[in-house]
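Structure first, commentary second.
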Amino acid sequence: MQNIQKNLLKENNTSEKILTGDRATGSLHLGHFVGSLQQRVKLQEQYMQTVLVADMQGLTDNGHNPQKVSANILNVVADYLAVGIDPVKTTICLQSKIPALAELTMYYSNLVSIARLERNPTVKSEISSKSFGRAIPAGFLTYPISQAADITGFNATLIPVGEDQLPMLEQTNEIVRKLNNIAQQQVLVECKPLLSKVSRLPSVDGRSKMSKSLGNTIMLAASEKEISKAVKSMYTDPEHLNILDPGKIEGNVVFTYLDAFHEDPDYVASLKRHYQAGGLGDGKTKNILETCLQDMIKPIRERRQLYMNDKAQLIEVLKRGTEKSQDEANQVLQKVKSAFGLNLF
Ligand code: ATP
Ligand code: MG
């Protein structure tokens, strides 16, 4: 009965189709949680939603170290289930097992210039932080094209992502418009981002975006000790030397995290006033944040461990979702091939 109600609800909202995904380059972290996962848990109640474990995309900067990707596929699935993504309501699938996505990437790559790829600001900053020098893997430079294949391959229109993904959606829509123009009809639909309240969670040191590859994360699987250590090392206001001094909120990671994770915004606002006026120490604000994160992460970590103890179940979830996704991606591929006139038989 409950499932019938859910499906009815979804049928009323078929105008939007959701797709998101995560590179299988590590376990998921607090940035994923506030940037995208929380939204997915809500959206699955109302919309058709697909979540893609992007293992092929993970290889684009790990070709020399593929175990990093293969070892993390199930970690990502366990994280999904632990935060409440329900495989009955959300289709969870594996990119490398949907060949139509790789084929679409190949076709779309004819519509994008190297200069355009080099202009993508997220890719540009990732290239410089990864110190590739001139040895940029071709797959890495072109991964926005593969993301366009993922999005259009599922006819997705609404994409809950963090801020770093906006340039990818822009590139996707350029490809969509070019293809529709070639076909002289609407073959693909454009997508739009759905940004959360916290669309770029900084790392603990405040220097960059929290990212799996940069090793600056607080994982959803973090132990009590790891959480405590991370909070203690958090960047605050370097000029706030004495408790009685007024402190700065801007750029103070403890307050950024309190804004993102504390359930009582009025209380956080009163802490901010106190801190700015002077008389509130960093030790105290860090303790408040630590309690908040410990309480939030503990049940996620415990559920995650239960799922990790049953890897066969995780594989089954992924397999079922992948099988369900293949048809849709194949249909899009056929339409795209026809748009290029490649439909002789
Ligand atoms: P990698 O370092 O391997 O690129 P990542 O930590 O950046 O990993 P992704 O798998 O690239 O994670 O991103 C998955 C989704 O999570 C994307 O929608 C991305 O925008 C979002 N996301 C990742 N990090 C953050 C963050 N710090 N704040 C908000 N959203 C984030
Ligand atoms: Mg990333």
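Lettering and numbering for the structure tokens are positional, with chains as A, B, ... in the shown order, residues counted from 1 in each chain, and ligands counted from 1 in the shown order.
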ask   = Which chains and residue numbers are within 10 Å of ligand 2, counting only C-alpha atoms and all ligand atoms, if I want them as a list of chain:residue names?
value = A:Asp22, A:Arg23, A:Thr25, A:His32, A:Gln57, A:Gly58, A:Thr122, A:Val123, A:Glu126, A:Gly162, A:Asp164, A:Gln165, A:Lys209, A:Met210, A:Ser211, A:Lys212, A:Ser213, A:Leu214
Please produce a file of the residues just selected, as a PDB file, in the first residue's frame, where the atoms kept are N, CA, C and O atoms.
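After the write, part.pdb holds the following:
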```pdb
ATOM      1  N   ASP A  22      28.331  10.216  -7.828  1.00  0.00           N
ATOM      2  CA  ASP A  22      29.558  10.492  -7.087  1.00  0.00           C
ATOM      3  C   ASP A  22      30.656   9.637  -7.685  1.00  0.00           C
ATOM      4  O   ASP A  22      30.424   8.477  -8.040  1.00  0.00           O
ATOM      5  N   ARG A  23      31.837  10.212  -7.790  1.00  0.00           N
ATOM      6  CA  ARG A  23      32.977   9.436  -8.252  1.00  0.00           C
ATOM      7  C   ARG A  23      33.310   8.390  -7.192  1.00  0.00           C
ATOM      8  O   ARG A  23      33.264   8.698  -6.000  1.00  0.00           O
ATOM      9  N   THR A  25      35.826   7.425  -5.768  1.00  0.00           N
ATOM     10  CA  THR A  25      37.231   7.674  -5.439  1.00  0.00           C
ATOM     11  C   THR A  25      37.478   7.697  -3.935  1.00  0.00           C
ATOM     12  O   THR A  25      38.571   8.029  -3.481  1.00  0.00           O
ATOM     13  N   HIS A  32      29.522  16.044   0.736  1.00  0.00           N
ATOM     14  CA  HIS A  32      28.475  15.347  -0.027  1.00  0.00           C
ATOM     15  C   HIS A  32      27.150  15.413   0.712  1.00  0.00           C
ATOM     16  O   HIS A  32      26.095  15.572   0.108  1.00  0.00           O
ATOM     17  N   GLN A  57      34.394   7.573 -14.356  1.00  0.00           N
ATOM     18  CA  GLN A  57      34.908   8.936 -14.157  1.00  0.00           C
ATOM     19  C   GLN A  57      35.992   8.950 -13.083  1.00  0.00           C
ATOM     20  O   GLN A  57      36.931   9.739 -13.154  1.00  0.00           O
ATOM     21  N   GLY A  58      35.863   8.064 -12.112  1.00  0.00           N
ATOM     22  CA  GLY A  58      36.900   7.959 -11.077  1.00  0.00           C
ATOM     23  C   GLY A  58      38.248   7.573 -11.665  1.00  0.00           C
ATOM     24  O   GLY A  58      39.310   7.957 -11.168  1.00  0.00           O
ATOM     25  N   THR A 122      36.155  24.486 -13.238  1.00  0.00           N
ATOM     26  CA  THR A 122      36.360  23.425 -12.233  1.00  0.00           C
ATOM     27  C   THR A 122      37.490  22.502 -12.681  1.00  0.00           C
ATOM     28  O   THR A 122      38.400  22.178 -11.905  1.00  0.00           O
ATOM     29  N   VAL A 123      37.449  22.117 -13.954  1.00  0.00           N
ATOM     30  CA  VAL A 123      38.491  21.224 -14.473  1.00  0.00           C
ATOM     31  C   VAL A 123      39.851  21.929 -14.396  1.00  0.00           C
ATOM     32  O   VAL A 123      40.855  21.333 -14.001  1.00  0.00           O
ATOM     33  N   GLU A 126      41.062  21.838 -10.882  1.00  0.00           N
ATOM     34  CA  GLU A 126      41.439  20.459 -10.506  1.00  0.00           C
ATOM     35  C   GLU A 126      42.774  20.077 -11.155  1.00  0.00           C
ATOM     36  O   GLU A 126      43.625  19.462 -10.526  1.00  0.00           O
ATOM     37  N   GLY A 162      26.730  20.137  -5.883  1.00  0.00           N
ATOM     38  CA  GLY A 162      27.469  21.228  -5.260  1.00  0.00           C
ATOM     39  C   GLY A 162      27.886  22.230  -6.330  1.00  0.00           C
ATOM     40  O   GLY A 162      27.805  21.951  -7.532  1.00  0.00           O
ATOM     41  N   ASP A 164      30.664  23.248  -7.435  1.00  0.00           N
ATOM     42  CA  ASP A 164      31.740  22.899  -8.376  1.00  0.00           C
ATOM     43  C   ASP A 164      31.201  22.274  -9.667  1.00  0.00           C
ATOM     44  O   ASP A 164      31.916  22.202 -10.664  1.00  0.00           O
ATOM     45  N   GLN A 165      29.945  21.807  -9.615  1.00  0.00           N
ATOM     46  CA  GLN A 165      29.406  21.117 -10.788  1.00  0.00           C
ATOM     47  C   GLN A 165      28.674  22.029 -11.767  1.00  0.00           C
ATOM     48  O   GLN A 165      28.273  21.591 -12.853  1.00  0.00           O
ATOM     49  N   LYS A 209      37.755  23.395  -1.132  1.00  0.00           N
ATOM     50  CA  LYS A 209      36.524  22.612  -1.007  1.00  0.00           C
ATOM     51  C   LYS A 209      36.869  21.270  -0.362  1.00  0.00           C
ATOM     52  O   LYS A 209      37.920  20.702  -0.657  1.00  0.00           O
ATOM     53  N   MET A 210      36.019  20.779   0.513  1.00  0.00           N
ATOM     54  CA  MET A 210      36.243  19.430   1.036  1.00  0.00           C
ATOM     55  C   MET A 210      36.121  18.459  -0.137  1.00  0.00           C
ATOM     56  O   MET A 210      35.116  18.463  -0.843  1.00  0.00           O
ATOM     57  N   SER A 211      37.148  17.666  -0.385  1.00  0.00           N
ATOM     58  CA  SER A 211      37.171  16.759  -1.541  1.00  0.00           C
ATOM     59  C   SER A 211      37.847  15.460  -1.182  1.00  0.00           C
ATOM     60  O   SER A 211      38.878  15.474  -0.511  1.00  0.00           O
ATOM     61  N   LYS A 212      37.290  14.372  -1.706  1.00  0.00           N
ATOM     62  CA  LYS A 212      37.899  13.069  -1.453  1.00  0.00           C
ATOM     63  C   LYS A 212      39.365  13.084  -1.872  1.00  0.00           C
ATOM     64  O   LYS A 212      40.229  12.638  -1.144  1.00  0.00           O
ATOM     65  N   SER A 213      39.634  13.596  -3.074  1.00  0.00           N
ATOM     66  CA  SER A 213      40.992  13.500  -3.625  1.00  0.00           C
ATOM     67  C   SER A 213      41.997  14.353  -2.887  1.00  0.00           C
ATOM     68  O   SER A 213      43.191  14.125  -3.003  1.00  0.00           O
ATOM     69  N   LEU A 214      41.532  15.373  -2.180  1.00  0.00           N
ATOM     70  CA  LEU A 214      42.487  16.250  -1.504  1.00  0.00           C
ATOM     71  C   LEU A 214      42.810  15.753  -0.094  1.00  0.00           C
ATOM     72  O   LEU A 214      43.661  16.319   0.587  1.00  0.00           O
TER      73      LEU A 214
END
```
Distance table requested - range 72-172 of chain A against range 322-345 of chain A, cut-off 6 Å, only C-alpha atoms: one row per qualifying residue with the closest atom pair and its distance in Å to one decimal, ordered by chain and rising residue number, as JSON lines.
```
{"residue": "A:Cys93", "atom": "CA", "partner": "A:Thr322", "partner_atom": "CA", "distance": 4.3}
{"residue": "A:Leu94", "atom": "CA", "partner": "A:Thr322", "partner_atom": "CA", "distance": 5.9}
{"residue": "A:Ile98", "atom": "CA", "partner": "A:Gln326", "partner_atom": "CA", "distance": 5.8}
{"residue": "A:Ala100", "atom": "CA", "partner": "A:Asn330", "partner_atom": "CA", "distance": 5.6}
{"residue": "A:Gly153", "atom": "CA", "partner": "A:Ala329", "partner_atom": "CA", "distance": 4.6}
{"residue": "A:Phe154", "atom": "CA", "partner": "A:Ala329", "partner_atom": "CA", "distance": 5.9}
```
Please write the residues from the selection above to a file, keeping N, CA, C and O atoms, as an mmCIF file, in the first residue's frame.
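Now in part22.cif:
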```
data_model
loop_
_atom_site.group_PDB
_atom_site.id
_atom_site.type_symbol
_atom_site.label_atom_id
_atom_site.label_comp_id
_atom_site.auth_asym_id
_atom_site.auth_seq_id
_atom_site.Cartn_x
_atom_site.Cartn_y
_atom_site.Cartn_z
ATOM 1 N N CYS A 93 22.879 2.930 -9.660
ATOM 2 C CA CYS A 93 23.486 2.118 -10.723
ATOM 3 C C CYS A 93 24.979 2.408 -10.898
ATOM 4 O O CYS A 93 25.499 3.383 -10.360
ATOM 5 N N LEU A 94 25.641 1.536 -11.662
ATOM 6 C CA LEU A 94 27.095 1.598 -11.816
ATOM 7 C C LEU A 94 27.450 1.982 -13.257
ATOM 8 O O LEU A 94 27.117 1.275 -14.216
ATOM 9 N N ILE A 98 27.056 0.338 -17.857
ATOM 10 C CA ILE A 98 26.040 0.877 -18.773
ATOM 11 C C ILE A 98 26.781 1.398 -20.006
ATOM 12 O O ILE A 98 27.095 2.589 -20.117
ATOM 13 N N ALA A 100 26.079 2.185 -22.930
ATOM 14 C CA ALA A 100 25.499 3.280 -23.728
ATOM 15 C C ALA A 100 26.063 4.631 -23.285
ATOM 16 O O ALA A 100 26.193 5.549 -24.098
ATOM 17 N N GLY A 153 21.729 10.701 -20.726
ATOM 18 C CA GLY A 153 21.436 9.269 -20.866
ATOM 19 C C GLY A 153 20.257 8.834 -20.011
ATOM 20 O O GLY A 153 19.631 7.808 -20.269
ATOM 21 N N PHE A 154 19.955 9.628 -18.990
ATOM 22 C CA PHE A 154 18.790 9.311 -18.154
ATOM 23 C C PHE A 154 17.697 10.362 -18.308
ATOM 24 O O PHE A 154 16.809 10.455 -17.461
#
```
note = Shortest contact to ligand 1, candidates A:Pro202, A:Gly139, A:Pro99, A:Gly133, atoms counted only C-alpha atoms and all ligand atoms, goes to A:Pro202
key: Nearest to Glu163 in chain A by atom-to-atom distance, counting only C-alpha atoms, from A:His262, A:Arg273, A:Lys197, A:Lys130   =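 Comparing A:His262, A:Arg273, A:Lys197, A:Lys130 against Glu163 in chain A, the winner is A:Lys197.
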message = Show me, as a PyMOL selection string, the residues that have an atom within 7 Å of Val253 in chain A when counting only C-alpha atoms, minus same-chain residues fewer than 5 positions from it.
response = chain A and resi 204+206+234-236
key: Counting only C-alpha atoms, the option among A:Ile175, A:Val77, A:Leu166, A:Ile227 closest to Val53 in chain A   =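 Counting only C-alpha atoms, the residue closest to Val53 in chain A is A:Val77.
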message = I need the residues in range 82-268 of chain A that are strand (DSSP E) according to DSSP; give them as number ranges by chain.
response = A: 90-94, 158-161, 192-195
request  = Would you work out the distance separating CA of Ser128 in chain A from CA of Ala230 in chain A, expressed in Å to one decimal?
outcome  = 25.7 Å
Excluding Ser109 in chain A and residues on its chain fewer than 3 positions from it, collect all residues at most 9 Å away from it, counting only C-alpha atoms, and give them as a CSV table (one decimal) with N, CA, C and O atoms, in the first residue's frame.
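Okay, this is what ended up in around_2.csv:
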```
chain,number,residue,atom,x,y,z
A,104,LEU,N,27.7,7.3,-25.8
A,104,LEU,CA,27.2,8.7,-25.9
A,104,LEU,C,28.3,9.7,-25.7
A,104,LEU,O,28.4,10.7,-26.5
A,105,THR,N,29.3,9.4,-24.8
A,105,THR,CA,30.4,10.2,-24.6
A,105,THR,C,31.2,10.4,-25.9
A,105,THR,O,31.6,11.5,-26.3
A,106,MET,N,31.3,9.3,-26.6
A,106,MET,CA,32.1,9.3,-27.9
A,106,MET,C,31.4,10.2,-28.9
A,106,MET,O,32.0,11.0,-29.6
A,112,VAL,N,32.4,19.1,-29.0
A,112,VAL,CA,33.1,20.0,-28.0
A,112,VAL,C,34.5,20.2,-28.4
A,112,VAL,O,35.2,19.2,-28.7
A,113,SER,N,35.0,21.4,-28.4
A,113,SER,CA,36.4,21.7,-28.8
A,113,SER,C,37.3,21.5,-27.5
A,113,SER,O,36.8,21.7,-26.4
A,142,THR,N,38.3,15.5,-20.6
A,142,THR,CA,37.0,15.3,-21.3
A,142,THR,C,35.9,14.8,-20.4
A,142,THR,O,34.8,14.5,-20.8
A,145,ILE,N,32.3,15.8,-20.7
A,145,ILE,CA,31.5,15.2,-21.8
A,145,ILE,C,30.9,14.0,-21.3
A,145,ILE,O,29.7,13.7,-21.6
A,146,SER,N,31.6,13.2,-20.5
A,146,SER,CA,31.1,12.0,-20.0
A,146,SER,C,29.9,12.3,-19.0
A,146,SER,O,28.9,11.6,-18.9
```
Close residues, Lys286 in chain A itself excluded, 12 Å, only C-alpha atoms, min 2 positions apart in chain, as an MDAnalysis selection string = chainID A and resid 204 227:236 252:258 271 280:284 288:294
key: Expected answer as a PyMOL selection string: alpha helix (DSSP H) residues in range 25-216 of chain A   = chain A and resi 30-32+38-43+55-59+67-70+73-83+99-108+114-119+121-129+138-141+143-153+166-183
remark   = Among A:Leu195, A:Ala156, A:Leu101, A:Val176, ligand 1 is approached most closely, using only C-alpha atoms and all ligand atoms, by A:Leu195
Within 12 Å of Val83 in chain A using only C-alpha atoms, minus same-chain residues under 3 positions, as a PyMOL selection string = chain A and resi 28-30+32-34+36-42+76-80+86-87+220-221+296-304+307
